[in-house]
>>> print(open('protein_31.cif').read())   # mmCIF, C-alpha atoms and all ligand atoms
data_query
#
loop_
_atom_site.label_atom_id
_atom_site.label_comp_id
_atom_site.auth_asym_id
_atom_site.auth_seq_id
_atom_site.Cartn_x
_atom_site.Cartn_y
_atom_site.Cartn_z
CA MET A 1 67.42 56.41 58.23
CA ASN A 2 64.44 54.56 56.79
CA ASN A 3 63.03 51.41 58.40
CA PHE A 4 64.27 48.21 56.83
CA GLU A 5 64.37 44.43 56.98
CA PHE A 6 67.45 42.57 55.86
CA LYS A 7 67.82 38.91 55.11
CA ASN A 8 70.38 37.45 52.74
CA PRO A 9 70.44 33.65 52.89
CA THR A 10 73.22 33.01 50.35
CA LYS A 11 76.25 31.18 51.73
CA ILE A 12 79.47 32.58 50.28
CA ILE A 13 82.42 30.23 49.90
CA PHE A 14 85.32 32.53 49.13
CA GLY A 15 88.93 31.82 48.30
CA LYS A 16 91.56 29.81 46.48
CA ASP A 17 90.70 26.31 45.24
CA THR A 18 87.18 26.31 46.67
CA ILE A 19 85.21 24.96 43.69
CA ASP A 20 85.39 21.41 45.04
CA LYS A 21 83.29 22.52 48.03
CA ILE A 22 80.13 22.45 45.91
CA ALA A 23 80.08 18.69 46.57
CA THR A 24 79.13 19.25 50.19
CA GLU A 25 76.57 21.97 49.47
CA ILE A 26 74.35 20.16 46.96
CA PRO A 27 71.90 17.67 48.53
CA GLU A 28 73.11 14.07 48.17
CA ASN A 29 70.19 12.72 46.17
CA ALA A 30 69.95 15.73 43.82
CA LYS A 31 69.66 15.38 40.07
CA VAL A 32 71.72 18.33 38.89
CA LEU A 33 71.48 20.48 35.78
CA LEU A 34 74.85 22.14 35.21
CA LEU A 35 74.28 25.41 33.31
CA TYR A 36 77.00 27.39 31.59
CA GLY A 37 77.63 29.97 28.86
CA GLY A 38 79.48 29.99 25.57
CA GLY A 39 82.29 27.71 26.60
CA SER A 40 84.92 29.83 28.39
CA ILE A 41 84.75 27.38 31.31
CA LYS A 42 86.02 24.60 29.05
CA LYS A 43 89.18 26.55 28.24
CA ASN A 44 90.15 27.81 31.68
CA GLY A 45 89.77 24.63 33.73
CA ILE A 46 86.63 25.68 35.63
CA TYR A 47 84.52 23.06 33.83
CA ASP A 48 86.94 20.28 34.78
CA GLN A 49 87.06 21.40 38.40
CA THR A 50 83.26 21.50 38.51
CA LYS A 51 82.84 18.08 36.89
CA THR A 52 85.30 16.55 39.33
CA ALA A 53 83.39 18.05 42.24
CA LEU A 54 80.10 16.74 40.82
CA ALA A 55 81.41 13.17 40.39
CA LYS A 56 79.01 11.63 42.89
CA PHE A 57 75.90 13.36 41.50
CA GLU A 58 73.71 12.44 38.59
CA THR A 59 74.37 15.45 36.34
CA ILE A 60 73.03 16.70 33.01
CA GLU A 61 74.52 19.70 31.22
CA PHE A 62 73.08 22.67 29.40
CA GLY A 63 75.60 25.00 27.77
CA GLY A 64 75.23 27.94 25.42
CA ILE A 65 73.49 30.55 27.58
CA PRO A 66 74.56 33.76 25.85
CA ALA A 67 75.53 37.12 27.36
CA ASN A 68 72.21 38.88 28.04
CA PRO A 69 70.48 35.53 28.68
CA GLU A 70 67.99 34.87 25.94
CA TYR A 71 64.47 33.72 26.77
CA SER A 72 64.10 31.29 23.86
CA ILE A 73 67.32 29.47 24.81
CA LEU A 74 66.27 29.34 28.44
CA MET A 75 62.98 27.77 27.35
CA ASP A 76 65.05 24.93 25.84
CA ALA A 77 66.73 24.52 29.22
CA LEU A 78 63.33 24.51 30.94
CA LYS A 79 62.31 21.58 28.73
CA VAL A 80 65.40 19.66 29.90
CA ILE A 81 64.51 20.40 33.54
CA ASN A 82 61.00 19.05 33.04
CA ASP A 83 61.89 16.07 30.82
CA GLU A 84 64.76 14.93 33.03
CA ASN A 85 63.11 15.59 36.41
CA ILE A 86 65.95 17.85 37.50
CA THR A 87 65.87 18.81 41.21
CA TYR A 88 68.87 21.16 41.53
CA LEU A 89 70.43 23.82 39.30
CA LEU A 90 74.11 24.75 39.27
CA ALA A 91 75.10 27.93 37.40
CA VAL A 92 78.75 28.15 36.40
CA GLY A 93 79.37 31.53 34.83
CA GLY A 94 78.94 35.29 35.02
CA GLY A 95 75.81 37.34 35.57
CA SER A 96 74.17 36.03 32.40
CA VAL A 97 74.37 32.35 33.33
CA ILE A 98 73.37 33.06 36.93
CA ASP A 99 70.45 35.26 35.87
CA GLY A 100 69.34 32.63 33.35
CA THR A 101 69.44 30.06 36.13
CA LYS A 102 67.33 32.29 38.38
CA PHE A 103 64.75 32.55 35.62
CA LEU A 104 64.75 28.74 35.34
CA SER A 105 64.47 28.38 39.10
CA ALA A 106 61.33 30.52 38.95
CA ALA A 107 59.96 29.04 35.71
CA ALA A 108 60.39 25.45 36.94
CA VAL A 109 57.79 26.02 39.67
CA TYR A 110 55.62 28.55 37.84
CA GLU A 111 52.04 27.44 37.32
CA GLY A 112 50.78 30.23 35.04
CA ASP A 113 50.30 30.15 31.26
CA THR A 114 53.69 31.25 29.99
CA PRO A 115 56.89 31.90 31.96
CA TRP A 116 57.35 35.24 30.13
CA ASP A 117 54.57 36.52 32.43
CA ILE A 118 57.04 36.27 35.32
CA LEU A 119 58.83 39.22 33.70
CA THR A 120 55.94 41.25 32.31
CA GLN A 121 53.65 40.83 35.32
CA ASN A 122 56.39 41.35 37.88
CA ILE A 123 55.69 38.03 39.59
CA LYS A 124 57.82 37.65 42.72
CA THR A 125 59.00 34.07 43.21
CA GLU A 126 58.61 33.08 46.86
CA LYS A 127 60.23 29.67 46.46
CA GLY A 128 62.03 28.55 43.30
CA MET A 129 63.89 25.37 42.39
CA PRO A 130 67.03 25.38 44.58
CA PHE A 131 70.29 26.40 42.93
CA GLY A 132 73.90 27.27 43.63
CA THR A 133 76.52 29.12 41.63
CA VAL A 134 80.20 29.09 40.76
CA LEU A 135 80.97 32.69 39.82
CA THR A 136 83.41 33.12 36.93
CA LEU A 137 83.13 36.89 36.37
CA PRO A 138 82.86 39.53 39.11
CA ALA A 139 80.45 42.28 38.04
CA THR A 140 76.74 41.96 38.67
CA GLY A 141 76.43 40.75 42.26
CA SER A 142 73.91 38.21 40.97
CA GLU A 143 75.78 35.54 42.96
CA MET A 144 74.42 37.03 46.20
CA ASN A 145 71.14 38.69 45.28
CA SER A 146 67.69 37.59 44.19
CA GLY A 147 67.33 39.58 40.96
CA ALA A 148 67.78 38.67 37.30
CA VAL A 149 67.50 40.38 33.94
CA ILE A 150 66.28 38.39 30.91
CA THR A 151 66.39 39.35 27.24
CA ARG A 152 63.94 38.50 24.48
CA LYS A 153 65.43 39.21 21.07
CA GLU A 154 62.16 38.69 19.25
CA THR A 155 60.64 41.76 20.89
CA GLN A 156 63.88 43.64 21.74
CA GLU A 157 63.02 43.54 25.43
CA LYS A 158 65.26 43.24 28.48
CA LEU A 159 63.25 42.94 31.68
CA ALA A 160 64.04 42.41 35.34
CA MET A 161 62.55 39.84 37.71
CA GLY A 162 63.20 38.55 41.19
CA GLY A 163 61.75 37.52 44.52
CA PRO A 164 62.82 36.28 47.94
CA GLY A 165 62.97 32.69 46.65
CA LEU A 166 65.67 33.47 44.08
CA PHE A 167 68.79 33.85 46.20
CA PRO A 168 71.42 31.23 45.36
CA GLU A 169 71.74 28.69 48.20
CA PHE A 170 75.51 29.05 47.90
CA SER A 171 78.03 30.81 45.67
CA VAL A 172 81.65 29.84 45.22
CA LEU A 173 83.95 32.83 44.69
CA ASP A 174 87.46 31.73 43.75
CA PRO A 175 89.34 34.86 42.60
CA GLN A 176 91.68 32.66 40.54
CA VAL A 177 88.93 32.43 37.88
CA ILE A 178 89.68 36.07 37.00
CA ALA A 179 92.99 35.14 35.33
CA SER A 180 91.24 34.13 32.09
CA ILE A 181 88.75 37.00 31.81
CA PRO A 182 89.32 39.20 28.73
CA GLU A 183 90.09 42.87 29.46
CA ARG A 184 86.81 43.99 27.93
CA GLN A 185 84.88 41.95 30.50
CA LEU A 186 87.12 43.04 33.37
CA VAL A 187 86.46 46.72 32.69
CA ASN A 188 82.77 45.95 32.28
CA GLY A 189 82.79 44.32 35.71
CA ILE A 190 84.51 47.27 37.38
CA THR A 191 82.10 49.73 35.72
CA ASP A 192 78.98 47.70 36.53
CA ALA A 193 79.87 47.27 40.21
CA PHE A 194 80.88 50.94 40.48
CA THR A 195 77.52 52.01 39.06
CA HIS A 196 75.63 49.64 41.34
CA VAL A 197 77.05 51.54 44.28
CA LEU A 198 76.21 54.89 42.68
CA GLU A 199 72.58 53.85 42.11
CA GLN A 200 72.19 53.16 45.83
CA TYR A 201 74.16 56.17 47.03
CA MET A 202 73.72 59.10 44.64
CA THR A 203 70.35 60.26 45.92
CA TYR A 204 69.95 62.62 48.90
CA PRO A 205 71.34 62.57 52.45
CA ILE A 206 69.24 60.61 54.91
CA GLY A 207 71.64 60.37 57.83
CA ALA A 208 72.65 56.78 57.09
CA LEU A 209 76.27 57.27 58.07
CA LEU A 210 77.29 53.63 57.96
CA GLN A 211 75.60 52.84 54.62
CA ASP A 212 77.27 55.90 53.08
CA ARG A 213 80.66 54.77 54.29
CA PHE A 214 80.08 51.18 53.15
CA ALA A 215 79.25 52.56 49.70
CA GLU A 216 82.23 54.93 49.62
CA SER A 217 84.60 52.17 50.73
CA ILE A 218 83.47 49.93 47.88
CA LEU A 219 84.01 52.76 45.38
CA GLN A 220 87.45 53.52 46.84
CA THR A 221 88.42 49.86 46.74
CA LEU A 222 87.33 49.50 43.11
CA ILE A 223 89.32 52.62 42.15
CA GLU A 224 92.37 51.28 43.97
CA VAL A 225 92.35 47.75 42.59
CA ALA A 226 91.18 48.46 39.02
CA PRO A 227 94.64 49.24 37.59
CA LYS A 228 96.20 46.32 39.44
CA VAL A 229 93.62 43.82 38.17
CA LEU A 230 93.98 45.10 34.61
CA LYS A 231 97.77 44.99 34.77
CA ASP A 232 97.90 41.51 36.21
CA PRO A 233 94.68 39.48 36.52
CA THR A 234 96.65 36.80 38.38
CA ASP A 235 97.44 39.24 41.24
CA TYR A 236 95.55 37.33 43.92
CA ASN A 237 95.19 40.13 46.42
CA ALA A 238 93.91 42.61 43.83
CA THR A 239 91.49 40.13 42.26
CA ALA A 240 90.19 38.96 45.64
CA ASN A 241 89.39 42.54 46.61
CA PHE A 242 87.82 43.20 43.22
CA MET A 243 85.62 40.11 43.45
CA TRP A 244 84.40 40.79 46.97
CA SER A 245 83.72 44.46 46.13
CA CYS A 246 81.49 43.46 43.22
CA THR A 247 79.52 41.07 45.43
CA MET A 248 79.16 43.60 48.24
CA ALA A 249 78.04 46.28 45.77
CA LEU A 250 74.76 44.50 45.09
CA ASN A 251 73.91 42.01 47.82
CA GLY A 252 71.38 44.28 49.49
CA LEU A 253 73.52 45.55 52.34
CA ILE A 254 74.30 49.09 51.19
CA GLN A 255 70.74 49.83 50.08
CA LYS A 256 69.13 49.12 53.44
CA GLY A 257 67.55 52.15 55.08
CA VAL A 258 68.43 54.52 52.23
CA PRO A 259 66.65 55.83 49.11
CA THR A 260 67.76 54.21 45.85
CA ASP A 261 67.62 55.40 42.26
CA TRP A 262 68.16 52.65 39.59
CA ALA A 263 67.09 54.93 36.72
CA VAL A 264 70.52 54.55 35.08
CA HIS A 265 69.94 50.81 34.90
CA ALA A 266 66.38 51.20 33.62
CA MET A 267 67.59 53.38 30.72
CA GLY A 268 70.73 51.30 30.17
CA HIS A 269 68.79 48.07 29.82
CA GLU A 270 66.88 49.61 26.92
CA LEU A 271 70.14 50.45 25.14
CA THR A 272 71.26 46.83 25.49
CA ALA A 273 67.88 45.61 24.22
CA MET A 274 67.95 47.96 21.23
CA PHE A 275 71.64 47.91 20.25
CA GLY A 276 73.22 44.93 22.03
CA ILE A 277 75.67 47.23 23.87
CA ASP A 278 77.33 45.50 26.86
CA HIS A 279 75.35 46.17 30.05
CA ALA A 280 78.14 48.03 31.86
CA ARG A 281 78.84 50.28 28.87
CA THR A 282 75.23 51.43 28.73
CA LEU A 283 75.59 52.58 32.34
CA ALA A 284 78.71 54.60 31.51
CA VAL A 285 76.74 56.22 28.67
CA ILE A 286 73.74 57.18 30.80
CA ALA A 287 75.21 57.95 34.24
CA PRO A 288 77.01 61.26 33.47
CA SER A 289 73.93 62.71 31.73
CA HIS A 290 71.65 61.42 34.47
CA TYR A 291 73.69 63.14 37.17
CA LYS A 292 73.93 66.37 35.19
CA PHE A 293 70.18 66.39 34.51
CA ASN A 294 69.32 65.68 38.15
CA PHE A 295 72.09 67.87 39.50
CA LYS A 296 69.93 69.91 41.87
CA ALA A 297 68.37 66.88 43.55
CA LYS A 298 71.65 65.00 43.86
CA LYS A 299 74.28 67.67 44.41
CA GLU A 300 74.72 67.15 48.16
CA LYS A 301 75.57 63.49 47.72
CA LEU A 302 77.62 64.26 44.62
CA ALA A 303 79.67 66.74 46.66
CA GLN A 304 80.09 64.25 49.53
CA TYR A 305 81.25 61.64 47.01
CA ALA A 306 83.63 64.21 45.48
CA THR A 307 85.29 64.86 48.80
CA ARG A 308 85.33 61.39 50.29
CA VAL A 309 86.02 59.29 47.22
CA TRP A 310 87.91 61.64 44.87
CA ASN A 311 89.56 63.90 47.47
CA ILE A 312 88.09 67.06 45.92
CA THR A 313 88.13 69.51 48.79
CA GLU A 314 88.14 72.91 47.08
CA GLY A 315 85.16 74.94 45.93
CA SER A 316 81.44 75.22 46.61
CA VAL A 317 79.01 72.30 46.85
CA ASP A 318 78.12 72.89 43.19
CA ASP A 319 81.77 72.97 42.14
CA LYS A 320 82.57 69.74 43.93
CA ALA A 321 79.43 68.03 42.69
CA TYR A 322 80.20 68.96 39.10
CA ALA A 323 83.82 67.88 39.42
CA ALA A 324 82.62 64.51 40.76
CA ILE A 325 80.57 63.87 37.63
CA GLU A 326 83.61 64.70 35.50
CA LYS A 327 85.83 62.41 37.60
CA THR A 328 83.35 59.57 37.23
CA GLU A 329 83.20 59.94 33.45
CA SER A 330 87.01 60.13 33.24
CA PHE A 331 87.30 57.01 35.40
CA PHE A 332 85.16 55.06 32.93
CA GLN A 333 87.10 56.48 29.99
CA GLU A 334 90.45 55.62 31.56
CA LEU A 335 89.21 52.04 31.85
CA GLY A 336 88.66 52.17 28.09
CA ILE A 337 84.88 52.56 28.22
CA ASP A 338 83.23 55.01 25.81
CA THR A 339 80.65 57.28 27.42
CA LYS A 340 78.50 58.48 24.51
CA LEU A 341 75.85 56.53 22.65
CA SER A 342 77.25 57.72 19.32
CA ASP A 343 80.51 55.90 20.18
CA TYR A 344 78.57 52.63 19.90
CA THR A 345 76.10 53.22 17.07
CA LYS A 346 75.54 55.70 14.27
CA ASP A 347 71.89 54.75 14.34
CA TYR A 348 70.90 56.55 17.53
CA ASP A 349 68.39 59.04 16.14
CA GLY A 350 64.99 58.53 17.80
CA THR A 351 66.37 56.36 20.61
CA ALA A 352 65.32 58.75 23.38
CA GLU A 353 61.75 59.01 22.10
CA LYS A 354 61.54 55.24 21.73
CA ILE A 355 62.72 54.61 25.30
CA ALA A 356 60.34 57.25 26.68
CA LYS A 357 57.46 55.60 24.83
CA ARG A 358 58.40 52.16 26.13
CA PHE A 359 58.40 53.46 29.69
CA THR A 360 55.02 55.12 29.15
CA ASP A 361 53.58 51.92 27.65
CA ARG A 362 54.82 49.93 30.65
CA GLY A 363 53.37 52.45 33.07
CA TRP A 364 56.84 53.50 34.30
CA LEU A 365 55.84 57.10 34.90
CA GLY A 366 58.10 58.03 37.79
CA LEU A 367 61.59 56.56 38.16
CA GLY A 368 64.36 57.59 40.54
CA GLU A 369 64.59 58.19 44.27
CA HIS A 370 61.77 60.74 44.17
CA GLN A 371 59.67 58.75 41.67
CA ASN A 372 59.45 61.92 39.59
CA LEU A 373 61.56 61.02 36.59
CA SER A 374 58.78 60.98 34.03
CA PRO A 375 59.20 59.65 30.46
CA ASP A 376 59.72 63.17 29.07
CA LYS A 377 62.67 63.63 31.46
CA VAL A 378 64.03 60.21 30.50
CA GLU A 379 63.87 61.36 26.89
CA GLU A 380 65.97 64.43 27.71
CA ILE A 381 68.57 62.41 29.63
CA VAL A 382 68.99 59.89 26.83
CA LYS A 383 69.34 62.72 24.31
CA MET A 384 72.07 64.29 26.46
CA ALA A 385 73.89 60.92 26.23
CA TYR A 386 73.97 60.85 22.38
O1 LIG A 401 79.73 32.66 27.93
P1 LIG A 401 81.14 32.38 28.26
O2 LIG A 401 81.85 31.60 27.22
O3 LIG A 401 81.31 31.81 29.63
O4 LIG A 401 81.92 33.80 28.24
C1 LIG A 401 81.54 34.90 29.06
C2 LIG A 401 80.79 35.96 28.29
O5 LIG A 401 81.15 35.96 26.94
C3 LIG A 401 82.79 35.60 29.51
N1 LIG A 401 83.37 35.04 30.74
C4 LIG A 401 82.76 34.87 31.95
N2 LIG A 401 83.63 34.39 32.85
C5 LIG A 401 84.82 34.21 32.18
C6 LIG A 401 84.64 34.62 30.85
N3 LIG A 401 85.63 34.56 29.96
C7 LIG A 401 86.82 34.07 30.35
N4 LIG A 401 87.08 33.68 31.63
C8 LIG A 401 86.10 33.73 32.57
N5 LIG A 401 86.36 33.37 33.85
O6 LIG A 401 82.35 36.93 29.76
C9 LIG A 401 81.30 37.25 28.87
C10 LIG A 401 80.24 38.04 29.58
O7 LIG A 401 79.60 37.26 30.56
P2 LIG A 401 78.24 37.77 31.24
O8 LIG A 401 77.83 36.73 32.21
O9 LIG A 401 77.27 38.19 30.20
O10 LIG A 401 78.73 39.11 31.98
P3 LIG A 401 78.23 39.80 33.29
O11 LIG A 401 78.62 39.04 34.49
O12 LIG A 401 78.67 41.19 33.17
O13 LIG A 401 76.63 39.73 33.22
C11 LIG A 401 75.87 40.62 32.48
C12 LIG A 401 74.39 40.30 32.61
O14 LIG A 401 73.94 40.48 33.96
C13 LIG A 401 72.84 41.39 34.01
C14 LIG A 401 73.09 42.26 32.80
O15 LIG A 401 71.95 42.97 32.42
C15 LIG A 401 73.55 41.25 31.77
O16 LIG A 401 72.46 40.57 31.20
N6 LIG A 401 72.76 42.05 35.31
C16 LIG A 401 72.35 41.33 36.36
C17 LIG A 401 72.19 41.87 37.62
C18 LIG A 401 71.72 41.06 38.75
N7 LIG A 401 71.27 39.85 38.55
O17 LIG A 401 71.72 41.52 39.89
C19 LIG A 401 72.46 43.28 37.89
C20 LIG A 401 73.21 43.95 36.80
O18 LIG A 401 72.95 45.32 36.90
C21 LIG A 401 72.92 43.48 35.42
O19 LIG A 401 71.76 44.08 34.90
ZN ZN A 402 74.40 46.58 36.50
#
>>> encode(input="protein_31.cif", output="structure tokens")
Amino acid sequence: MNNFEFKNPTKIIFGKDTIDKIATEIPENAKVLLLYGGGSIKKNGIYDQTKTALAKFETIEFGGIPANPEYSILMDALKVINDENITYLLAVGGGSVIDGTKFLSAAAVYEGDTPWDILTQNIKTEKGMPFGTVLTLPATGSEMNSGAVITRKETQEKLAMGGPGLFPEFSVLDPQVIASIPERQLVNGITDAFTHVLEQYMTYPIGALLQDRFAESILQTLIEVAPKVLKDPTDYNATANFMWSCTMALNGLIQKGVPTDWAVHAMGHELTAMFGIDHARTLAVIAPSHYKFNFKAKKEKLAQYATRVWNITEGSVDDKAYAAIEKTESFFQELGIDTKLSDYTKDYDGTAEKIAKRFTDRGWLGLGEHQNLSPDKVEEIVKMAY
């Protein structure tokens, strides 16, 4: 097992009817900016619950943060923060609203020329403007981690940022919010969380027995609850397990002491930037090709995953590993997620070359757990995903 340090300061408030608890988490004299997305919270009662909880605070609102949070819109929110002397941010939404809020938390204290540099120069925020979240969509784990991904339409870029100062101070996880989530977003959430675990697990054995079993248990739980959540998103037990699995998939715990990959996300983010494909769907497009291309380096973990998660016990290591890739792709397809780029766009010619060039231009010359996935290999993987 590798050496590691682990600190996750986010307080999780989990359970039924917990949104009102934000009132005791936000400092009394705070001037709050309430941030939300396209308006789903106004239809499902989450907005009303939040407003009631915020009654004693001076609060200003900023709505309209789109899926794949857009830089130019966030810059409008930054102006509100500065003009109104906001001291506390409250994100009420899914990964996009929370990520947008993390960007604002960083940008509000940033002293450089333009906040876009936070993304292009990989500036790690040590201490941002404090913020909390009310999670409305289980998927990204953003509610308990310190990363964010921001989009800039103008340049077709989607870049990651983060830093130890960007953990939410608290996150409210009330599984009842899941009742109003459209099926498309539910399957996205399952697929995203599932792939988060794979990115931190599907590398090579390093003797981290506990981390492996944490990872496998999250995968098994997602497989078990997925049909129940889709059949009845008001099934409290199923949705509670789904929500907690998504958070645990990317709050840092399972990646401690082990090698991690994240190349599927790096390639997937480019597909979202270029074609606007939902984040989770880009992962389902890339992952099967990525595992086939890197079969030799990953086959031991693939075979372990085959046996422990999919109960594939027959055959050689290679047989099991290959069957595991097939099982994974079928799982995504059974959720209703297409797994080829050509299912999403007819305009895919040249995509692989373009992504490889972008990685070269950014100096991303070696992705993956061995840092040996060069742009020419990325090009091959993306082509396999057409
Ligand atoms: O905008 P509103 O009207 O709220 O509607 C949203 C949005 O259209 C809707 N929704 C959310 N909660 C709902 C609901 N509809 C009905 N009832 C509810 N309770 O769902 C739509 C999608 O929301 P979004 O926040 O975009 O989805 P998700 O949580 O999947 O977030 C995706 C973003 O997170 C980034 C992705 O790249 C993408 O930009 N990621 C962030 C990560 C992180 N910070 O750690 C890691 C991930 O790998 C990912 O990259
Ligand atoms: Zn993801």
>>> closest_atom_pairs(input="protein_31.cif", of="chain A", to="ligand ZN 402 (chain A)", cutoff="8 Å", atoms="only C-alpha atoms and all ligand atoms", output="JSON lines")
{"residue": "A:Ala139", "atom": "CA", "partner": "A:ZN402", "partner_atom": "ZN", "distance": 7.6}
{"residue": "A:Thr140", "atom": "CA", "partner": "A:ZN402", "partner_atom": "ZN", "distance": 5.6}
{"residue": "A:Asp192", "atom": "CA", "partner": "A:ZN402", "partner_atom": "ZN", "distance": 4.7}
{"residue": "A:Ala193", "atom": "CA", "partner": "A:ZN402", "partner_atom": "ZN", "distance": 6.6}
{"residue": "A:Thr195", "atom": "CA", "partner": "A:ZN402", "partner_atom": "ZN", "distance": 6.8}
{"residue": "A:His196", "atom": "CA", "partner": "A:ZN402", "partner_atom": "ZN", "distance": 5.9}
{"residue": "A:His265", "atom": "CA", "partner": "A:ZN402", "partner_atom": "ZN", "distance": 6.4}
{"residue": "A:His279", "atom": "CA", "partner": "A:ZN402", "partner_atom": "ZN", "distance": 6.5}
{"residue": "A:Ala280", "atom": "CA", "partner": "A:ZN402", "partner_atom": "ZN", "distance": 6.1}
{"residue": "A:Leu283", "atom": "CA", "partner": "A:ZN402", "partner_atom": "ZN", "distance": 7.4}
>>> residues_near_ligand(input="protein_31.cif", ligand="ligand LIG 401 (chain A)", cutoff="8 Å", atoms="only C-alpha atoms and all ligand atoms", output="JSON, numbers by chain")
{"A": [36, 37, 38, 39, 40, 41, 44, 46, 64, 65, 66, 67, 68, 69, 93, 94, 95, 96, 97, 98, 99, 135, 136, 137, 138, 139, 140, 141, 142, 143, 145, 146, 147, 148, 149, 150, 151, 158, 160, 177, 178, 179, 180, 181, 182, 185, 188, 189, 192, 193, 196, 250, 265, 269, 272, 278, 279, 280]}
>>> closest_atom_pairs(input="protein_31.cif", of="segment 96-211 of chain A", to="segment 368-373 of chain A", cutoff="12 Å", atoms="only C-alpha atoms", output="CSV")
residue,atom,partner,partner_atom,distance
A:Glu199,CA,A:Gly368,CA,9.2
A:Gln200,CA,A:Glu369,CA,9.2
A:Tyr201,CA,A:Glu369,CA,10.2
A:Met202,CA,A:Glu369,CA,9.2
A:Thr203,CA,A:Glu369,CA,6.3
A:Tyr204,CA,A:Glu369,CA,8.4
A:Pro205,CA,A:Glu369,CA,11.5
A:Ile206,CA,A:Glu369,CA,11.9
>>> residues_around(input="protein_31.cif", residues="Glu326 of chain A", least_positions_apart="4", cutoff="8 Å", atoms="all atoms listed in the file", output="list in words")
Pro288, Tyr322 and Ser330 of chain A
>>> residues_around(input="protein_31.cif", residues="segment 8-18 of chain A", least_positions_apart="6", cutoff="12 Å", atoms="all atoms listed in the file", output="PyMOL selection string")
chain A and resi 24-25+45-46+49-50+53+130-135+141-146+163-178+234+236-237+239-241+243-244+247-248+250-253+256
>>> residues_around(input="protein_31.cif", residues="Met384 of chain A", least_positions_apart="2", cutoff="12 Å", atoms="all atoms listed in the file", output="ChimeraX atom specification")
/A:285-293,339-342,348,351-352,377-382,386
>>> write_last_selection(input="protein_31.cif", atoms="C-alpha atoms", output="JSON list (two decimals), keeping the file's coordinate frame")
[["chain", "number", "residue", "atom", "x", "y", "z"],
["A", 285, "VAL", "CA", 76.74, 56.22, 28.67],
["A", 286, "ILE", "CA", 73.74, 57.18, 30.80],
["A", 287, "ALA", "CA", 75.21, 57.95, 34.24],
["A", 288, "PRO", "CA", 77.01, 61.26, 33.47],
["A", 289, "SER", "CA", 73.93, 62.71, 31.73],
["A", 290, "HIS", "CA", 71.65, 61.42, 34.47],
["A", 291, "TYR", "CA", 73.69, 63.14, 37.17],
["A", 292, "LYS", "CA", 73.93, 66.37, 35.19],
["A", 293, "PHE", "CA", 70.18, 66.39, 34.51],
["A", 339, "THR", "CA", 80.65, 57.28, 27.42],
["A", 340, "LYS", "CA", 78.50, 58.48, 24.51],
["A", 341, "LEU", "CA", 75.85, 56.53, 22.65],
["A", 342, "SER", "CA", 77.25, 57.72, 19.32],
["A", 348, "TYR", "CA", 70.90, 56.55, 17.53],
["A", 351, "THR", "CA", 66.37, 56.36, 20.61],
["A", 352, "ALA", "CA", 65.32, 58.75, 23.38],
["A", 377, "LYS", "CA", 62.67, 63.63, 31.46],
["A", 378, "VAL", "CA", 64.03, 60.21, 30.50],
["A", 379, "GLU", "CA", 63.87, 61.36, 26.89],
["A", 380, "GLU", "CA", 65.97, 64.43, 27.71],
["A", 381, "ILE", "CA", 68.57, 62.41, 29.63],
["A", 382, "VAL", "CA", 68.99, 59.89, 26.83],
["A", 386, "TYR", "CA", 73.97, 60.85, 22.38]]
>>> axis_aligned_box(input="protein_31.cif", around="segment 84-97 of chain A", padding_each_side="8 Å", output="lines of an AutoDock Vina configuration file")
center_x = 71.2
center_y = 26.1
center_z = 37.0
size_x = 32.3
size_y = 38.4
size_z = 25.1
>>> residues_near_point(input="protein_31.cif", point="(79.4, 22.7, 37.2)", cutoff="6 Å", atoms="all atoms listed in the file", output="ChimeraX atom specification")
/A:34,50-51,92
>>> atom_distance(input="protein_31.cif", atom1="atom CA of Ala108 of chain A", atom2="atom CA of Lys127 of chain A")
10.4 Å
>>> residues_around(input="protein_31.cif", residues="Met129 of chain A", least_positions_apart="2", cutoff="8 Å", atoms="all atoms listed in the file", output="ChimeraX atom specification")
/A:87-89,104-106,108-109,127,131
>>> atom_distance(input="protein_31.cif", atom1="atom CA of Gly63 of chain A", atom2="atom CA of Ile190 of chain A")
25.8 Å
>>> residues_around(input="protein_31.cif", residues="Phe331 of chain A", least_positions_apart="3", cutoff="12 Å", atoms="all atoms listed in the file", output="list of chain:residue names")
A:Val187, A:Ile190, A:Thr191, A:Phe194, A:Thr195, A:Leu219, A:Gln220, A:Leu222, A:Ile223, A:Glu224, A:Ala226, A:Pro227, A:Ala284, A:Pro288, A:Trp310, A:Ala324, A:Ile325, A:Glu326, A:Lys327, A:Thr328, A:Glu334, A:Leu335, A:Gly336, A:Ile337, A:Asp338, A:Thr339
>>> write_last_selection(input="protein_31.cif", atoms="C-alpha atoms", output="compact mmCIF listing (two decimals), in the frame of the given file")
# COMPACT_ATOMS: atom_id res chain seq x y z
CA VAL A 187 86.46 46.72 32.69
CA ILE A 190 84.51 47.27 37.38
CA THR A 191 82.10 49.73 35.72
CA PHE A 194 80.88 50.94 40.48
CA THR A 195 77.52 52.01 39.06
CA LEU A 219 84.01 52.76 45.38
CA GLN A 220 87.45 53.52 46.84
CA LEU A 222 87.33 49.50 43.11
CA ILE A 223 89.32 52.62 42.15
CA GLU A 224 92.37 51.28 43.97
CA ALA A 226 91.18 48.46 39.02
CA PRO A 227 94.64 49.24 37.59
CA ALA A 284 78.71 54.60 31.51
CA PRO A 288 77.01 61.26 33.47
CA TRP A 310 87.91 61.64 44.87
CA ALA A 324 82.62 64.51 40.76
CA ILE A 325 80.57 63.87 37.63
CA GLU A 326 83.61 64.70 35.50
CA LYS A 327 85.83 62.41 37.60
CA THR A 328 83.35 59.57 37.23
CA GLU A 334 90.45 55.62 31.56
CA LEU A 335 89.21 52.04 31.85
CA GLY A 336 88.66 52.17 28.09
CA ILE A 337 84.88 52.56 28.22
CA ASP A 338 83.23 55.01 25.81
CA THR A 339 80.65 57.28 27.42
